[in-house]
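Q: The file below is final23.json, JSON, C-alpha atoms:
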[["chain", "number", "residue", "atom", "x", "y", "z"],
["X", 15, "PRO", "CA", 72.01, 4.89, 23.03],
["X", 16, "MET", "CA", 74.32, 1.93, 22.58],
["X", 17, "PHE", "CA", 75.86, 3.50, 19.48],
["X", 18, "ASN", "CA", 76.96, 6.92, 18.36],
["X", 19, "LEU", "CA", 74.76, 6.99, 15.26],
["X", 20, "THR", "CA", 74.44, 9.33, 12.34],
["X", 21, "PRO", "CA", 70.82, 9.53, 11.13],
["X", 22, "GLY", "CA", 70.28, 7.24, 8.14],
["X", 23, "GLN", "CA", 73.52, 5.26, 8.58],
["X", 24, "LEU", "CA", 74.23, 1.88, 10.14],
["X", 25, "PRO", "CA", 76.61, 1.88, 13.11],
["X", 26, "GLU", "CA", 80.07, 0.41, 12.72],
["X", 27, "ASN", "CA", 80.25, -3.25, 13.75],
["X", 28, "TRP", "CA", 76.47, -3.35, 14.26],
["X", 29, "ASP", "CA", 76.42, -7.07, 13.44],
["X", 30, "GLU", "CA", 78.52, -7.82, 16.53],
["X", 31, "ASP", "CA", 75.57, -6.77, 18.71],
["X", 32, "MET", "CA", 72.93, -8.58, 16.65],
["X", 33, "ASP", "CA", 70.75, -11.09, 18.47],
["X", 34, "ALA", "CA", 71.41, -14.39, 16.70],
["X", 35, "GLY", "CA", 67.85, -15.60, 17.28],
["X", 36, "THR", "CA", 66.01, -12.55, 16.00],
["X", 37, "GLY", "CA", 68.53, -10.71, 13.84],
["X", 38, "LEU", "CA", 67.65, -7.53, 15.75],
["X", 39, "VAL", "CA", 70.19, -5.03, 17.07],
["X", 40, "PRO", "CA", 69.35, -3.26, 20.34],
["X", 41, "LEU", "CA", 69.74, 0.49, 19.98],
["X", 42, "GLY", "CA", 69.69, 1.40, 23.66],
["X", 43, "ASP", "CA", 67.23, 2.09, 26.45],
["X", 44, "MET", "CA", 64.24, 4.39, 26.77],
["X", 45, "ALA", "CA", 62.46, 5.55, 29.90],
["X", 46, "ILE", "CA", 59.28, 7.61, 29.84],
["X", 47, "SER", "CA", 57.86, 9.09, 33.01],
["X", 48, "LEU", "CA", 54.07, 8.81, 32.91],
["X", 49, "GLU", "CA", 53.87, 11.42, 35.65],
["X", 50, "ARG", "CA", 55.83, 13.88, 33.51],
["X", 51, "ALA", "CA", 53.88, 12.88, 30.37],
["X", 52, "LYS", "CA", 50.60, 13.67, 32.16],
["X", 53, "ALA", "CA", 51.93, 17.06, 33.25],
["X", 54, "GLN", "CA", 53.18, 17.88, 29.76],
["X", 55, "ALA", "CA", 49.90, 16.76, 28.17],
["X", 56, "ALA", "CA", 48.04, 19.17, 30.44],
["X", 57, "GLU", "CA", 50.57, 21.93, 29.73],
["X", 58, "TYR", "CA", 50.29, 21.51, 25.93],
["X", 59, "GLY", "CA", 46.55, 20.86, 25.90],
["X", 60, "HIS", "CA", 46.46, 17.38, 24.41],
["X", 61, "SER", "CA", 45.85, 13.80, 25.58],
["X", 62, "VAL", "CA", 48.23, 11.72, 27.64],
["X", 63, "LYS", "CA", 48.12, 9.11, 24.85],
["X", 64, "ARG", "CA", 49.33, 11.70, 22.33],
["X", 65, "GLU", "CA", 52.09, 12.91, 24.68],
["X", 66, "VAL", "CA", 53.37, 9.38, 25.37],
["X", 67, "GLY", "CA", 53.31, 8.72, 21.62],
["X", 68, "TYR", "CA", 55.31, 11.87, 20.97],
["X", 69, "LEU", "CA", 57.83, 11.04, 23.72],
["X", 70, "THR", "CA", 58.22, 7.52, 22.31],
["X", 71, "ILE", "CA", 58.92, 8.88, 18.82],
["X", 72, "HIS", "CA", 61.29, 11.49, 20.25],
["X", 73, "SER", "CA", 63.18, 8.83, 22.23],
["X", 74, "ILE", "CA", 63.47, 6.46, 19.28],
["X", 75, "LEU", "CA", 64.85, 9.26, 17.12],
["X", 76, "HIS", "CA", 67.50, 9.92, 19.78],
["X", 77, "LEU", "CA", 68.44, 6.22, 19.66],
["X", 78, "LEU", "CA", 68.72, 6.51, 15.87],
["X", 79, "GLY", "CA", 71.20, 9.39, 16.13],
["X", 80, "TYR", "CA", 68.95, 12.45, 15.90],
["X", 81, "ASP", "CA", 69.55, 15.23, 18.40],
["X", 82, "HIS", "CA", 68.65, 18.82, 19.20],
["X", 83, "VAL", "CA", 71.62, 20.12, 21.13],
["X", 84, "ASP", "CA", 71.26, 23.50, 19.47],
["X", 85, "GLU", "CA", 68.62, 25.50, 17.65],
["X", 86, "GLY", "CA", 70.17, 24.79, 14.25],
["X", 87, "GLU", "CA", 70.05, 22.15, 11.57],
["X", 88, "MET", "CA", 70.06, 19.13, 13.89],
["X", 89, "LYS", "CA", 66.99, 20.33, 15.75],
["X", 90, "ARG", "CA", 65.22, 21.13, 12.47],
["X", 91, "GLN", "CA", 65.94, 17.61, 11.15],
["X", 92, "MET", "CA", 64.65, 15.99, 14.32],
["X", 93, "ARG", "CA", 61.47, 18.09, 14.37],
["X", 94, "GLU", "CA", 60.80, 17.28, 10.70],
["X", 95, "ARG", "CA", 61.10, 13.54, 11.39],
["X", 96, "GLU", "CA", 58.86, 13.81, 14.46],
["X", 97, "GLU", "CA", 56.19, 15.63, 12.48],
["X", 98, "ALA", "CA", 56.38, 13.19, 9.57],
["X", 99, "ILE", "CA", 55.98, 10.20, 11.90],
["X", 100, "LEU", "CA", 53.16, 11.84, 13.88],
["X", 101, "ALA", "CA", 51.35, 12.59, 10.62],
["X", 102, "GLU", "CA", 51.31, 8.88, 9.81]]
What is this file in structure tokens?

A:
Amino acid sequence: PMFNLTPGQLPENWDEDMDAGTGLVPLGDMAISLERAKAQAAEYGHSVKREVGYLTIHSILHLLGYDHVDEGEMKRQMREREEAILAE
């Protein structure tokens, strides 16, 4: 992540990083290993497409400030958002 975000809040000075041409603000970088996604899809018994979709959602939520460093409230919040997005 480029910012230390709190879910649902804009980062401080976000407009300083805004692309003047698009008005978009980069949140950071994502990298998804297709090799690992294939292995996890097999492990969990679903398609590679579904696993890559899940990993994409999971990564975007991290960029938006969600985390799961413990088994408490933060992890619950992240899982709820993942499930809501996957249900769409």

Q: Name the closest residue to X:Asp81 among the candidates X:Gly67, X:Glu102, X:Arg93, X:Ala53; distances are taken between atoms, counting only C-alpha atoms.

A: X:Arg93

Q: Just to confirm, what's the straight-line distance from atom CA of X:Gly42 to atom CA of X:Met16 in Å (one decimal)?

A: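 These atoms are spaced 4.8 Å apart.
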
Q: Please determine, counting all atoms listed in the file, which residue among X:Pro21, X:Asp84, X:Val39, X:Tyr68 has the shortest atom-to-atom distance to X:Ala51.

A: X:Tyr68

Q: Find the distance between atom CA of X:Ala101 and atom CA of X:Leu77 and write it in Å to one decimal.

A: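 Distance between the two atoms: 20.4 Å.
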
Q: Quick check, in Å to one decimal: how far apart do atom CA of X:Glu26 and atom CA of X:Arg90 lie?

A: 25.5 Å

Q: Can you tell me, as a ChimeraX atom specification, what residues are no more than 12 Å from X:Arg64 when counting all atoms listed in the file, ignoring any on the same chain fewer than 6 positions away?

A: /X:48,51-52,54-56,58,70-71,100-101

Q: Compare X:Asn18, X:Thr36, X:Ser47, X:Asn27 by their minimum atom-to-atom distance to X:Val66, counting only C-alpha atoms, and give me the closest one.

A: X:Ser47

Q: With all atoms listed in the file as the atoms that count, which of X:Val83, X:Leu78, X:Ala98, X:Met92 lies nearest to X:Pro40?

A: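 Closest to X:Pro40, using all atoms listed in the file: X:Leu78.
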
Q: Which is closer to X:Met44 than all the others in X:Leu19, X:His82, X:Leu69, X:Glu30, using only C-alpha atoms?

A: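 Looking at the shortest contact to X:Met44, the residue is X:Leu69.
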
Q: My list of candidates is X:Asp33, X:Glu96, X:Glu49, X:Leu41. Which is closest to X:Gly79 when distances are computed with only C-alpha atoms?

A: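 Smallest separation from X:Gly79 among the options: X:Leu41.
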